[in-house]
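The file start.cif comes next; it holds mmCIF, C-alpha atoms.
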data_query
loop_
_atom_site.label_atom_id
_atom_site.label_comp_id
_atom_site.auth_asym_id
_atom_site.auth_seq_id
_atom_site.Cartn_x
_atom_site.Cartn_y
_atom_site.Cartn_z
CA MET X 7 -6.76 139.56 71.02
CA LYS X 8 -6.39 138.72 74.72
CA LYS X 9 -6.49 135.01 73.93
CA SER X 10 -3.67 135.26 71.37
CA THR X 11 -1.57 137.40 73.74
CA PHE X 12 -2.09 134.87 76.52
CA ILE X 13 -1.10 132.00 74.23
CA ILE X 14 2.02 133.83 73.05
CA LEU X 15 3.05 134.81 76.58
CA THR X 16 2.53 131.24 77.78
CA LEU X 17 4.01 129.30 74.88
CA ILE X 18 7.17 131.33 74.34
CA PRO X 19 8.54 130.75 77.88
CA LEU X 20 7.60 127.06 77.65
CA LEU X 21 9.40 126.78 74.33
CA VAL X 22 12.50 128.49 75.70
CA VAL X 23 12.59 126.21 78.77
CA SER X 24 12.09 123.06 76.69
CA LEU X 25 14.90 124.08 74.32
CA ALA X 26 17.21 124.74 77.26
CA ILE X 27 16.46 121.34 78.76
CA THR X 28 16.94 119.63 75.41
CA SER X 29 20.31 121.32 74.88
CA CYS X 30 21.49 120.12 78.30
CA GLU X 31 20.42 116.59 77.45
CA ILE X 32 22.18 116.72 74.09
CA GLU X 33 25.38 117.88 75.84
CA SER X 34 25.38 114.89 78.18
CA VAL X 35 24.17 112.20 75.76
CA GLY X 36 26.84 109.60 75.14
CA THR X 37 28.75 110.21 78.35
CA GLY X 38 27.16 107.21 80.02
CA GLY X 39 27.12 108.94 83.37
CA LEU X 40 30.74 110.06 83.21
CA TYR X 41 29.95 113.75 83.78
CA ALA X 42 30.49 114.15 87.53
CA ASN X 43 33.10 114.62 90.22
CA TRP X 44 34.84 111.37 91.04
CA GLN X 45 36.97 110.75 94.14
CA LEU X 46 39.90 108.35 93.73
CA ARG X 47 39.40 105.47 96.21
CA GLN X 48 41.85 102.75 95.16
CA ILE X 49 44.81 102.19 92.84
CA ASP X 50 45.78 98.66 91.80
CA THR X 51 49.19 98.07 90.23
CA LEU X 52 48.44 95.56 87.49
CA SER X 53 51.91 94.04 87.18
CA THR X 54 52.29 93.23 90.89
CA GLY X 55 48.71 92.95 92.10
CA ASN X 56 49.42 95.48 94.85
CA THR X 57 46.57 97.70 95.98
CA ALA X 58 46.80 101.20 97.46
CA ASP X 59 43.88 102.25 99.65
CA MET X 60 42.99 105.81 98.67
CA THR X 61 39.77 106.13 100.71
CA GLU X 62 41.21 109.16 102.50
CA SER X 63 42.35 110.61 99.18
CA THR X 64 41.60 114.17 98.19
CA ILE X 65 42.30 113.43 94.53
CA TYR X 66 39.34 114.20 92.27
CA TRP X 67 38.62 113.82 88.60
CA ALA X 68 35.80 116.01 87.23
CA PHE X 69 34.39 115.50 83.73
CA GLN X 70 32.39 118.08 81.81
CA SER X 71 31.91 118.61 78.10
CA ASP X 72 35.27 117.39 76.72
CA VAL X 73 37.40 118.69 79.61
CA LEU X 74 38.77 116.68 82.52
CA GLN X 75 39.85 118.58 85.63
CA LEU X 76 42.30 116.88 88.02
CA ARG X 77 42.59 118.20 91.58
CA ASN X 78 44.46 117.22 94.70
CA ILE X 79 42.73 119.31 97.32
CA SER X 80 45.03 118.44 100.24
CA ASN X 81 48.17 119.96 98.73
CA GLY X 82 46.50 123.07 97.30
CA ASN X 83 47.98 122.59 93.85
CA GLN X 84 46.46 124.27 90.84
CA PRO X 85 44.10 121.99 88.96
CA LEU X 86 45.32 120.27 85.83
CA TYR X 87 43.10 120.26 82.76
CA LEU X 88 43.06 117.66 80.01
CA ARG X 89 40.93 116.93 76.98
CA PHE X 90 39.10 113.63 77.06
CA ASP X 91 37.36 111.46 74.53
CA HIS X 92 34.87 108.87 75.79
CA LYS X 93 33.63 106.22 73.40
CA ARG X 94 31.87 103.08 74.64
CA ASP X 95 34.36 101.40 76.99
CA SER X 96 37.33 103.62 76.12
CA LEU X 97 38.56 106.86 77.67
CA ILE X 98 41.45 108.80 76.14
CA VAL X 99 42.94 111.75 78.04
CA SER X 100 45.37 114.16 76.37
CA ASN X 101 46.74 117.69 76.10
CA PRO X 102 47.38 118.40 79.80
CA ILE X 103 47.53 122.06 80.85
CA LEU X 104 48.57 123.58 84.17
CA GLY X 105 47.73 127.25 84.52
CA MET X 106 48.29 128.64 81.05
CA LYS X 107 51.13 126.26 80.12
CA GLU X 108 51.15 122.94 78.36
CA VAL X 109 52.44 120.10 80.56
CA THR X 110 55.44 118.37 78.99
CA SER X 111 56.29 115.83 81.71
CA GLU X 112 54.29 112.84 82.95
CA ALA X 113 55.57 113.49 86.50
CA LEU X 114 52.69 115.90 87.21
CA LEU X 115 50.15 113.33 86.02
CA LEU X 116 51.46 110.24 87.86
CA PRO X 117 49.80 111.03 91.24
CA PHE X 118 46.48 110.88 89.37
CA GLY X 119 47.24 107.47 87.82
CA ILE X 120 47.93 108.88 84.37
CA THR X 121 51.16 107.50 82.91
CA ASN X 122 51.52 109.38 79.61
CA LEU X 123 50.72 112.81 78.20
CA THR X 124 48.16 110.95 76.09
CA ASP X 125 46.81 107.96 77.99
CA THR X 126 44.16 105.41 77.09
CA PHE X 127 41.95 103.80 79.71
CA SER X 128 39.53 100.92 79.43
CA ILE X 129 36.29 101.57 81.28
CA GLU X 130 35.63 98.46 83.35
CA GLN X 131 32.69 99.84 85.33
CA LEU X 132 30.63 103.01 85.09
CA ASN X 133 27.35 103.46 86.94
CA GLY X 134 25.65 106.00 89.15
CA SER X 135 28.13 105.56 91.99
CA THR X 136 31.28 103.84 90.70
CA LEU X 137 33.88 104.38 88.01
CA CYS X 138 36.63 101.82 87.43
CA ILE X 139 39.18 102.41 84.66
CA SER X 140 42.52 100.85 83.78
CA ASN X 141 45.48 101.79 81.64
CA ARG X 142 48.59 99.72 80.94
CA LEU X 143 49.90 100.05 84.53
CA TYR X 144 47.04 100.82 86.91
CA ARG X 145 43.41 100.17 87.71
CA LEU X 146 41.78 103.24 89.26
CA ARG X 147 38.59 103.00 91.30
CA PHE X 148 36.49 106.08 91.99
CA ARG X 149 33.28 106.90 93.80
CA LYS X 150 30.91 109.54 92.51
CA TYR X 151 31.13 112.59 94.71
#
Will you turn the file into structure tokens for me?
Amino acid sequence: MKKSTFIILTLIPLLVVSLAITSCEIESVGTGGLYANWQLRQIDTLSTGNTADMTESTIYWAFQSDVLQLRNISNGNQPLYLRFDHKRDSLIVSNPILGMKEVTSEALLLPFGITNLTDTFSIEQLNGSTLCISNRLYRLRFRKY
């Protein structure tokens, strides 16, 4: 009796912990390391070749689940939220929301390098420390924060 109680009391917590770890892994599988906070470090304008140094930037992109949070810490603005879809070397962001309202103008998104309410980026580089994406106008370089 004591042996079976010991086994039950030992195995049940181990099972619960292993299921919790597995569910976290399932949630992040397929993101290729995208889930993180990323600080904007550089913006290249593709048509002109101009580069803007953003190393002192307080603009952050944070990915989790299927939600992208955009923040500019220095101006104290409310964060913007968008849906994102990441497949292989493609990143689509859409459905921007500020507070409880849907964003209907690209003007709020432009400081973050997003040019349309639904914007498609090519992922040029994604590793443990660097994210580089480009849309039709800009190349954005981030460092993992």
Long-range neighbours of X:Gln45 as a PyMOL selection string, 6 Å cut-off, all atoms listed in the file, 5 positions minimum in chain: chain X and resi 65-66+148-149
Nearest residue to X:Arg77 from the set X:Leu104, X:Asp91, X:Glu62, X:Ser140 (distances using all atoms listed in the file):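 Between X:Leu104, X:Asp91, X:Glu62, X:Ser140, the residue approaching X:Arg77 most closely is X:Leu104.
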Shortest interatomic distance to X:Asp95 - which of X:Ile129, X:Leu143, X:Met60, X:Leu46, counting all atoms listed in the file: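 Comparing X:Ile129, X:Leu143, X:Met60, X:Leu46 against X:Asp95, the winner is X:Ile129.
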Interatomic distance, atom CA of X:Leu76 to atom CA of X:Leu88 (Å, one decimal):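 The value is 8.1 Å.
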Who sits within 12 Å of X:Trp44, only C-alpha atoms, same chain under 6 positions skipped, as a PyMOL selection string: chain X and resi 63-70+74-78+118+132-139+146-151
Same residues, C-alpha atoms, output as a compact mmCIF listing (two decimals), keeping the file's coordinate frame:
# COMPACT_ATOMS: atom_id res chain seq x y z
CA SER X 63 42.35 110.61 99.18
CA THR X 64 41.60 114.17 98.19
CA ILE X 65 42.30 113.43 94.53
CA TYR X 66 39.34 114.20 92.27
CA TRP X 67 38.62 113.82 88.60
CA ALA X 68 35.80 116.01 87.23
CA PHE X 69 34.39 115.50 83.73
CA GLN X 70 32.39 118.08 81.81
CA LEU X 74 38.77 116.68 82.52
CA GLN X 75 39.85 118.58 85.63
CA LEU X 76 42.30 116.88 88.02
CA ARG X 77 42.59 118.20 91.58
CA ASN X 78 44.46 117.22 94.70
CA PHE X 118 46.48 110.88 89.37
CA LEU X 132 30.63 103.01 85.09
CA ASN X 133 27.35 103.46 86.94
CA GLY X 134 25.65 106.00 89.15
CA SER X 135 28.13 105.56 91.99
CA THR X 136 31.28 103.84 90.70
CA LEU X 137 33.88 104.38 88.01
CA CYS X 138 36.63 101.82 87.43
CA ILE X 139 39.18 102.41 84.66
CA LEU X 146 41.78 103.24 89.26
CA ARG X 147 38.59 103.00 91.30
CA PHE X 148 36.49 106.08 91.99
CA ARG X 149 33.28 106.90 93.80
CA LYS X 150 30.91 109.54 92.51
CA TYR X 151 31.13 112.59 94.71
Who sits within 8 Å of X:Ser100, all atoms listed in the file, same chain under 3 positions skipped, as a PyMOL selection string: chain X and resi 88-90+123-125
d(atom CA of X:Val109, atom CA of X:Thr126) in Å: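 Interatomic distance here is 17.2 Å.
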The residues within 12 Å of (33.3, 107.3, 74.9), using all atoms listed in the file and the coordinates of the file, should be reported as a short mmCIF file (atom, residue, chain, number, x, y, z; two decimals) with C-alpha atoms, keeping the file's coordinate frame; which are they?
data_model
loop_
_atom_site.label_atom_id
_atom_site.label_comp_id
_atom_site.auth_asym_id
_atom_site.auth_seq_id
_atom_site.Cartn_x
_atom_site.Cartn_y
_atom_site.Cartn_z
CA SER X 34 25.38 114.89 78.18
CA VAL X 35 24.17 112.20 75.76
CA GLY X 36 26.84 109.60 75.14
CA THR X 37 28.75 110.21 78.35
CA GLY X 38 27.16 107.21 80.02
CA GLY X 39 27.12 108.94 83.37
CA LEU X 40 30.74 110.06 83.21
CA TYR X 41 29.95 113.75 83.78
CA SER X 71 31.91 118.61 78.10
CA ASP X 72 35.27 117.39 76.72
CA PHE X 90 39.10 113.63 77.06
CA ASP X 91 37.36 111.46 74.53
CA HIS X 92 34.87 108.87 75.79
CA LYS X 93 33.63 106.22 73.40
CA ARG X 94 31.87 103.08 74.64
CA ASP X 95 34.36 101.40 76.99
CA SER X 96 37.33 103.62 76.12
CA LEU X 97 38.56 106.86 77.67
CA ILE X 98 41.45 108.80 76.14
CA VAL X 99 42.94 111.75 78.04
CA THR X 126 44.16 105.41 77.09
CA PHE X 127 41.95 103.80 79.71
CA SER X 128 39.53 100.92 79.43
CA ILE X 129 36.29 101.57 81.28
CA LEU X 132 30.63 103.01 85.09
#
Counting all atoms listed in the file, the residue of X:Asn81, X:Thr51, X:Glu130, X:Val73 that sits nearest X:Pro102: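 The answer is X:Val73, which sits nearest to X:Pro102.
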Give me, as a PDB file with C-alpha atoms, keeping the file's coordinate frame, all polymer residues having an atom no more than 8 Å from X:Asp59, counting all atoms listed in the file and skipping those fewer than 6 positions away in the same chain.
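Once everything was written out, this is around17.pdb:
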ATOM      1  CA  ARG X  47      39.400 105.470  96.210  1.00  0.00           C
ATOM      2  CA  GLN X  48      41.850 102.750  95.160  1.00  0.00           C
ATOM      3  CA  ILE X  49      44.810 102.190  92.840  1.00  0.00           C
TER       4      ILE X  49
END
Exercise: residues within 7 Å of coordinate (53.0, 103.7, 80.9), counting all atoms listed in the file, as a ChimeraX atom specification: /X:121-122,142-143
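Put simply, atom CA of X:Gly105 is 10.4 Å away from atom CA of X:Asn83.
Closest to X:Tyr87 among X:Asn141, X:Ser53, X:Asn43, X:Asn101 is X:Asn101, based on all atoms listed in the file.
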